[in-house]
Structure formats: structure tokens, C-alpha cells
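Structure first, then comments.
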Amino acid sequence: MRQAPPQVASTVPSESPESGEGLDDHLGRAPDGYPADRTRTRFSRPDCGSATPVQTAPDAPRGIEIVARDLRRLRGGRCVLHDVSVTIRRGELVGIVGGSGAGKTTLLHALAGVQRPDSGHVLFDGLELYPNLGAFRGVLGYVPQDDIIHAELPLERTLRYAATLRLPEPVSRSDIDAAVARVLVALELEDCARLRVGDLSGGQRKRASIGAELLTEPHAFFLDEPTSGLDPATDAELLRVLRGLADDGSTVVFTTHQVHDLAHCDRIVVLARDGYLAFVGTAEEACRYFQARRTEEIYVRLDCAATPTAWAERFARHRHENGHRTGAPPAKQDPALCARPPAGFLRQWRALSMRTFETLVRSPLTLGILIGSPVMVVAMFAILFSPGTFDFDHPSPSAIAMIVFWITFAAFFFGITYGLLQICTEGAIVRREHLVGQRASAYLLSKLTVLLPFLLIVNALMLGLLRALDRLPGAGTMTYLSLGITLVLESGAALTLGLLTSAALANPAQATLALPMVCFPAVLFSGGIVPVHVMASVGAAISTVVPVRWAFEALGHSLRVRYLLLHGGSPLGPPLVHAYGNAGEDATGVYWLYLGTFTAVFLAAAWATLVRKCTRET
Ligand SMILES: Nc1ncnc2c1ncn2[C@@H]1O[C@H](COP(=O)(O)OP(=O)(O)O)[C@@H](O)[C@H]1O
Ligand SMILES: [Mg+2]
């Protein structure tokens, strides 16, 4: 058991406090009824007597002093944060409070390096945060409102993946085991280690999200509404965890609109509407300042007693009268000292591939889609199409065209359905992991690594079954190999298109709407139902960027459909060939090149969209 480094108490700078009251008074205050003892062991729980330590690196400087100066933020053309200046000391637990839409999350994001403010400065130990973000990232913890762990996986597994992805290089298996065990013990989640995250209670799930961040032992910890939706007992429990982190020396900042959370805080930052800074100080000082008998009344006073600008002006005067200084302390450390090299590309790719696979096979819905949709599609084909359609002496021309088209479309459909739910279902996780150095390329590659083999198997089974049922003609191995390559390439293009669409979507509900929007053009402009030859010129132009068209033509080419229709025993064959123009006349390799190009373009677009999704406003 390690005690928190003793220097924590002495590193609290002696600049004047925001509210103008003596710093010693402030530190001597006991918000939760206990002495504000800065040498308490991390997560010590004075009320229940348990003291579960989290090991810290012996030389790790704990806690970061944060100085925000004149932060301003525009959103949708409107200023939602008005020149907010605040100093947060090492080892403080600070709550950002205010009404809904007051700008709490916006301020938290600016302080945590999640979203750069439009103007103003954020200094970590006297150093500008944003130019040094790469160096500080490793010591920042940020828990957004949404869960940042997979609901399908058991808690211990999801923490192991988080540790593999986040612990700085070099890391061994025993480091990962130790980090996971430490966090489970510290957050009292050992009994839930084998439970699915989705089966945990709200409070346990929130602690699990916090656990994913604690794996790297952050020096500054930011949480967006960690207590929202929790019952009072769970809320208090979580606040004690945060209190323990701060007591151990970490700087902890969180947003809340629960008034009872404020009693646990060293200080609170009160925002009036439209992001005006109305007060910074202890909860008791806030009550005096707002002439409120209880903290609940602060909200009423904020809304009714004056305008947001008036509150901001009043607090600026108050600060001035009390000698508040906005100057930053001199830099105490080189950011390079706390830079922790993130996991390398290979480690990320391997861990992400394994996590994707495990998430897929553990989720009944995704597994159902993965296996169920090909089974249903092939069963429907077997019921719909008659055997012997490709018989040279008695071919059935229109049925041949339809079989070739629907097989082609099925391969597209499998790819799109596999890709569409991949990213939009884990947006919060991806965004958070991107902030700690996860590469979008490793992430996308892991999806392809897991899903392409599934698509290969599904397409091979579809061809094999339809051949066995005589819905496809008897042809040589090379012909079937060629059909298989075409379908896998097409499925790959569809998969990357699905990933691109998924990266652009916000949630799975949008994916449900997107599926027909992607599939309709794939049918209409494929050249299978309405031949390209007879399409209006705009339609024909659109068809050139529809992968199904090229796969359809490649399949027709490999199956020698033109020859069968022109020379087979049906008089309807030649007119049908003429209706399809010169479709299928190119070499198969040309079609494969087109399909490969689609895959590369969709993948590059998915990468760009994913990076943008991770860096833009949330
Ligand atoms: N993407 C966005 N585009 C435009 N305005 C936004 C966007 N997100 C948030 N806002 C606005 O910014 C303001 C502050 O939002 P936020 O910081 O989320 O408030 P809080 O966390 O206090 O509820 C709100 O008025 C909100 O409507
Ligand atoms: Mg918010």
C-alpha cells in the first residue's frame, strides 16, 4: 500500500483564491465532514473504514494545476462560453454547475483538451495545453456522459482491452493484469468482473467507465455529468470515489446539476446562462454570495435575480475587489516529462481486431445479422429460382439475368449490413480512444480483418449451395474461383461503404434508415433491373459509381451469359443480350480493378470521416 506523495499538499500554490477568502481556510474546510487531509491514501473511504490504494509510479508527479484564461467558445454562430477564467489547483475536486445548456460541457471540454476554445488559454502547470496536447494526453482522464466501454463484453475483458490500448509502451501481459486488477479492487468492482457490462447497474457501469480511465493513472481527471441518472446513494458513492482521487493528489473536475454533489467539492464553478461565469468558490461561499439559504436556491437566483451578463459583471467586480490574479504560475515541468508513448500500431490493431471479434460473437443481435441474413437470402434464392435455368439447350434468359443480378446484390447486401452497425454503435468509445492516441487506420483495419473472412465464407457458401441445388451452372473450378473473387471484392467494397456510412452516422437508429437509402441506388443503378444501355444519361452516369454494376457484369462475363443467350436454345436470348448492350464484355480483371478502387476510395473516405467525427464537436 502506497501513501499519496507527500509533496501534494505543499504543491498547492499560494496564489489568492478565486473567492478572495484565505486559502488556508479553504483547505481546512471539510466538505464531506472529514478533515481535508491531503495525505490520505487514494480512494480511502473514511466512512466505511476501507482504504484501497492505487499504486502510482514512484516518480509520477501527481495532480496538475489548471489555469483557464478568457475562454470563449462559439457554437452554431452563437457565443456559448463568455471569457471564462478560472484556476483549479492540484488535488482539488471541482464541480462545474449551472442550468441545462449553460455551457458546463463546453467548459469541461475546453479544460480537458477535448475541444479547443475559439479564444483564450488553458495552462497545465503553466504550460499551454493545446500546443502540448500530445504530451499531456497520457496524463489526462476524461469520462464523457456516454459509456466508454462495450456493453456486450464482461467487465474484466473490456478493461483488459482498454489497458492493452492505453497503457504506454512498453507493456507486458503482467502489467495489463496488474492494472486491471488494481482498478477492479480500487473501484470495488471485483465481484462484477465476469459480468457483462450491459448487466451492471447504472452506478457500476459509471464506475467501470471511470475504471477504463484510471488504468493509466491520470493526473487530471475530467468527468461530464458522472452522477446524472444515479440514485442518491449511488451518486454519493461515486462522489466519494472522486473525492478519494482528489485526496490522493489528482486534479478532478466534473460537471453536474445535482445540488447534493456540491457538498463533496473543494470548490464549485457556477455558470449562468449562455456560458457567463457567475461564481467560483466553495459551496458555502456560493450560498453567501448568491444570498441563498441552500445550494438549490442558487439556481433560482441565477435565473431570476439578474441577467447572465449582470452576474458575470458582478463576479468580475467581486474578484477585482478581492485581489484575484489571473496570471499563471511558472511552468513546473516540461510536458515531455509526462509524455507517455501510446500503444504502437500493431498492438492497437491486434487488440482492436480481437475486441471486434469478441464483441461480434458475444452480441446476439450482430451475430444474428452476421449469420441470419445470408441464411435467409440463400434460402429465398433456393425457393425462388428453378433448377436447370442455365441449361444450354433450354435456357431461361430472364431468369438467368435475375439470378446473376440477385447473387451480385446479395454479396453487396452482406457487406453493407456487416459494415453499417460497426462504428455508429460505439461512437463514444471510438471518440474517447482517439483522444488517447488510437489510430483511425488501426481501427478500420481491425474491422476489415474480422469481417472480410466472414464475408469470404458467406459468399463461398452461397455459391456452393446454389451450385449444389443446380441454381447455378456446372462449370470448372476456375470459373467458380473467378465468381468467388468477384463477390468477395464486391462485398469488400460494400463493407467499406458500410463503414463509411457508419462513421458518418450518430446512432444505430440512423443506420436503420440508411440501409434502404444505400440499397435502393445499388438496385436501381446496377444495370441488372434496368440495363445501363436503356437508362437515361444521368442514370447511366450514376451507375458507373455503383459497385453492383461492375460485379454484375463481371459475373455475367465469368458465367459466359452472353454466349449462352446468343447461342443457347432460347429464341428470347439474343433480344435480351441486345437490351443489355455491351455489358459484361470487358475482361474480368478490369472489373476487379474497379471493385478494388471502390474499396480503396471508400476506405480512405471512411478514415477521413472517422477522424473528423473524433475531432469535431460532440
Ligand atoms: N453542436 C452544437 N451546435 C450548436 N450549439 C450547440 C451544440 N452543442 C451544444 N450547443 C449549445 O451550446 C450551449 C452549451 O451547451 P453545453 O455545454 O452542452 O451545455 P450544458 O452542458 O451546460 O448543458 C447550449 O446552448 C447548446 O444548445
Ligand atoms: Mg452537458
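Identifiers in the C-alpha cells: chain A, B, ... in order shown; residue index from 1 per chain; ligand index from 1 in order shown.
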
For this session: Go through the chains and note each residue within 6 Å of ligand 1, using only C-alpha atoms and all ligand atoms, then give the set as a PyMOL selection string.
Result: chain A and resi 75-76+80+100-106+617

For this session: Enumerate as a PyMOL selection string the residues within 12 Å of ligand 2, counting only C-alpha atoms and all ligand atoms.
Result: chain A and resi 96-109+144-146+223-228+254-257+271+275+618

For this session: State, in Å with one decimal place, the distance from CA of Glu433 (chain A) to CA of Thr449 (chain A).
Result: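 Atom-to-atom, CA of Glu433 (chain A) to CA of Thr449 (chain A), that is 19.3 Å.
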
For this session: Rounded to one decimal place, report the CA of Asp261 (chain A)-CA of Leu239 (chain A) distance in Å.
Result: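 Those two atoms sit 6.9 Å apart.
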
For this session: Give the strand (DSSP E) residues of region 183-424 of chain A, as DSSP finds them on the backbone, and put them as a list in words.
Result: Ala220, Phe221, Phe222, Leu223, Thr251, Val252, Val253, Phe254, Thr255, Thr256, Arg267, Ile268, Val269, Val270, Leu271, Ala272, Tyr276, Leu277, Ala278, Phe279, Val280 and Gly281 of chain A

Take the residues that were just selected and, keeping N, CA, C and O atoms, output them as a compact mmCIF listing (two decimals), in the first residue's frame.
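Result file part19.txt:
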```txt
# COMPACT_ATOMS: atom_id res chain seq x y z
N ALA A 220 -4.87 14.52 -14.18
CA ALA A 220 -6.02 15.43 -14.22
C ALA A 220 -7.18 14.63 -14.79
O ALA A 220 -7.04 13.96 -15.82
N PHE A 221 -8.30 14.68 -14.09
CA PHE A 221 -9.40 13.79 -14.42
C PHE A 221 -10.66 14.62 -14.64
O PHE A 221 -11.02 15.43 -13.79
N PHE A 222 -11.31 14.45 -15.78
CA PHE A 222 -12.48 15.26 -16.12
C PHE A 222 -13.66 14.33 -16.36
O PHE A 222 -13.52 13.33 -17.07
N LEU A 223 -14.82 14.67 -15.82
CA LEU A 223 -16.00 13.81 -15.98
C LEU A 223 -17.20 14.67 -16.32
O LEU A 223 -17.46 15.68 -15.65
N THR A 251 -6.07 16.08 -9.88
CA THR A 251 -6.99 17.20 -10.03
C THR A 251 -8.25 16.65 -10.69
O THR A 251 -8.16 16.03 -11.75
N VAL A 252 -9.39 16.84 -10.05
CA VAL A 252 -10.62 16.23 -10.57
C VAL A 252 -11.66 17.32 -10.83
O VAL A 252 -11.98 18.10 -9.94
N VAL A 253 -12.16 17.36 -12.07
CA VAL A 253 -13.15 18.37 -12.44
C VAL A 253 -14.34 17.65 -13.05
O VAL A 253 -14.15 16.77 -13.90
N PHE A 254 -15.54 17.97 -12.60
CA PHE A 254 -16.71 17.31 -13.19
C PHE A 254 -17.87 18.29 -13.32
O PHE A 254 -17.91 19.31 -12.63
N THR A 255 -18.76 17.99 -14.24
CA THR A 255 -19.96 18.82 -14.37
C THR A 255 -21.11 18.10 -13.67
O THR A 255 -21.12 16.87 -13.59
N THR A 256 -22.03 18.87 -13.18
CA THR A 256 -23.18 18.25 -12.52
C THR A 256 -24.34 19.24 -12.46
O THR A 256 -24.14 20.45 -12.56
N ARG A 267 -14.27 23.22 -4.44
CA ARG A 267 -14.83 24.48 -4.94
C ARG A 267 -15.79 24.18 -6.08
O ARG A 267 -15.73 23.09 -6.67
N ILE A 268 -16.63 25.17 -6.35
CA ILE A 268 -17.53 24.99 -7.48
C ILE A 268 -17.38 26.18 -8.44
O ILE A 268 -17.03 27.28 -8.03
N VAL A 269 -17.63 25.89 -9.71
CA VAL A 269 -17.62 26.93 -10.74
C VAL A 269 -19.07 27.06 -11.19
O VAL A 269 -19.67 26.07 -11.64
N VAL A 270 -19.66 28.23 -11.01
CA VAL A 270 -21.07 28.40 -11.35
C VAL A 270 -21.18 29.16 -12.67
O VAL A 270 -20.62 30.25 -12.82
N LEU A 271 -21.88 28.54 -13.62
CA LEU A 271 -22.10 29.21 -14.91
C LEU A 271 -23.54 29.69 -15.00
O LEU A 271 -24.47 28.93 -14.72
N ALA A 272 -23.70 30.95 -15.40
CA ALA A 272 -25.05 31.45 -15.69
C ALA A 272 -25.37 31.10 -17.14
O ALA A 272 -24.51 30.57 -17.86
N TYR A 276 -21.82 32.44 -19.08
CA TYR A 276 -21.21 33.55 -18.32
C TYR A 276 -20.77 33.01 -16.96
O TYR A 276 -21.53 32.29 -16.30
N LEU A 277 -19.57 33.39 -16.55
CA LEU A 277 -19.04 32.92 -15.26
C LEU A 277 -19.68 33.73 -14.14
O LEU A 277 -19.49 34.94 -14.05
N ALA A 278 -20.45 33.04 -13.28
CA ALA A 278 -21.18 33.75 -12.22
C ALA A 278 -20.49 33.65 -10.87
O ALA A 278 -20.67 34.53 -10.02
N PHE A 279 -19.69 32.61 -10.66
CA PHE A 279 -19.02 32.50 -9.37
C PHE A 279 -18.02 31.35 -9.38
O PHE A 279 -18.21 30.35 -10.06
N VAL A 280 -16.94 31.52 -8.58
CA VAL A 280 -16.02 30.41 -8.30
C VAL A 280 -15.68 30.48 -6.82
O VAL A 280 -15.31 31.54 -6.31
N GLY A 281 -15.86 29.41 -6.11
CA GLY A 281 -15.53 29.39 -4.68
C GLY A 281 -16.10 28.14 -4.04
O GLY A 281 -16.56 27.23 -4.74
```

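In terms of minimum interatomic distance to Thr496 (chain A), A:Ala600 ranks closest within A:Val375, A:Ala600, A:Leu133, A:Leu153, counting only C-alpha atoms.
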
For region 392-507 of chain A against region 189-209 of chain A, with a cut-off of 12 Å and counting only C-alpha atoms, what is the closest atom pair and its distance in Å to one decimal for every residue that makes the cut, ordered by chain and number, as CSV?
```
residue,atom,partner,partner_atom,distance
A:Ala428,CA,A:Ser209,CA,11.2
A:Ile429,CA,A:Ser209,CA,10.0
A:Arg432,CA,A:Ser209,CA,10.9
```

Just write the chosen residues, all heavy atoms, as a PDB file, in the first residue's frame.
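Output below, filename selection-v2.pdb:
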```
ATOM      1  N   ALA A 428     -19.028   6.834 -28.876  1.00  0.00           N
ATOM      2  CA  ALA A 428     -18.400   7.454 -27.698  1.00  0.00           C
ATOM      3  C   ALA A 428     -17.062   6.781 -27.393  1.00  0.00           C
ATOM      4  O   ALA A 428     -16.088   7.444 -27.037  1.00  0.00           O
ATOM      5  CB  ALA A 428     -19.328   7.346 -26.489  1.00  0.00           C
ATOM      6  N   ILE A 429     -17.014   5.451 -27.584  1.00  0.00           N
ATOM      7  CA  ILE A 429     -15.781   4.709 -27.292  1.00  0.00           C
ATOM      8  C   ILE A 429     -14.685   5.117 -28.282  1.00  0.00           C
ATOM      9  O   ILE A 429     -13.550   5.399 -27.899  1.00  0.00           O
ATOM     10  CB  ILE A 429     -16.041   3.188 -27.391  1.00  0.00           C
ATOM     11  CG1 ILE A 429     -17.119   2.781 -26.377  1.00  0.00           C
ATOM     12  CG2 ILE A 429     -14.767   2.390 -27.197  1.00  0.00           C
ATOM     13  CD1 ILE A 429     -17.610   1.363 -26.511  1.00  0.00           C
ATOM     14  N   ARG A 432     -13.400   8.643 -27.604  1.00  0.00           N
ATOM     15  CA  ARG A 432     -12.541   8.695 -26.415  1.00  0.00           C
ATOM     16  C   ARG A 432     -11.179   8.059 -26.711  1.00  0.00           C
ATOM     17  O   ARG A 432     -10.143   8.582 -26.324  1.00  0.00           O
ATOM     18  CB  ARG A 432     -13.228   7.966 -25.238  1.00  0.00           C
ATOM     19  CG  ARG A 432     -12.407   7.927 -23.976  1.00  0.00           C
ATOM     20  CD  ARG A 432     -12.102   9.318 -23.447  1.00  0.00           C
ATOM     21  NE  ARG A 432     -10.974   9.326 -22.512  1.00  0.00           N
ATOM     22  CZ  ARG A 432      -9.895  10.079 -22.633  1.00  0.00           C
ATOM     23  NH1 ARG A 432      -9.776  10.892 -23.669  1.00  0.00           N
ATOM     24  NH2 ARG A 432      -8.935  10.041 -21.752  1.00  0.00           N
TER      25      ARG A 432
END
```

For this session: Could you jot down the CA of Asp470 (chain A) to CA of Leu559 (chain A) separation for me, Å, one decimal place?
Result: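 Between CA of Asp470 (chain A) and CA of Leu559 (chain A) the gap is 14.0 Å.
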
For this session: Give the answer as one residue: which of A:Glu426, A:Ala312, A:Ala351, A:His557 has the shortest atom-to-atom distance to Ser482 (chain A), using only C-alpha atoms?
Result: A:His557

Exercise. Could you write out, as a PyMOL selection string, all the residues of region 377-513 of chain A that DSSP marks as helix (DSSP H, G or I)?
Worked result: chain A and resi 377-384+397-420+424-435+440-468+477-504+508-513

Exercise. Nearest to Gly596 (chain A) among A:Ala608, A:Leu242, A:Ala551, A:Cys287, with distances taken over only C-alpha atoms: which residue is it?
Worked result: A:Ala551

Problem set entry | Close residues, Phe385 (chain A) itself excluded, 12 Å, only C-alpha atoms, min 6 positions apart in chain, as a list in words |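 Within the cut-off, the hits are Val378, Ala379, Ser396, Ser398, Ala399, Ile400, Ala401, Met402, Ile403, Val404, Trp406, Ile407, Leu466, Leu469, Asp470, Arg471 and Leu472 of chain A.
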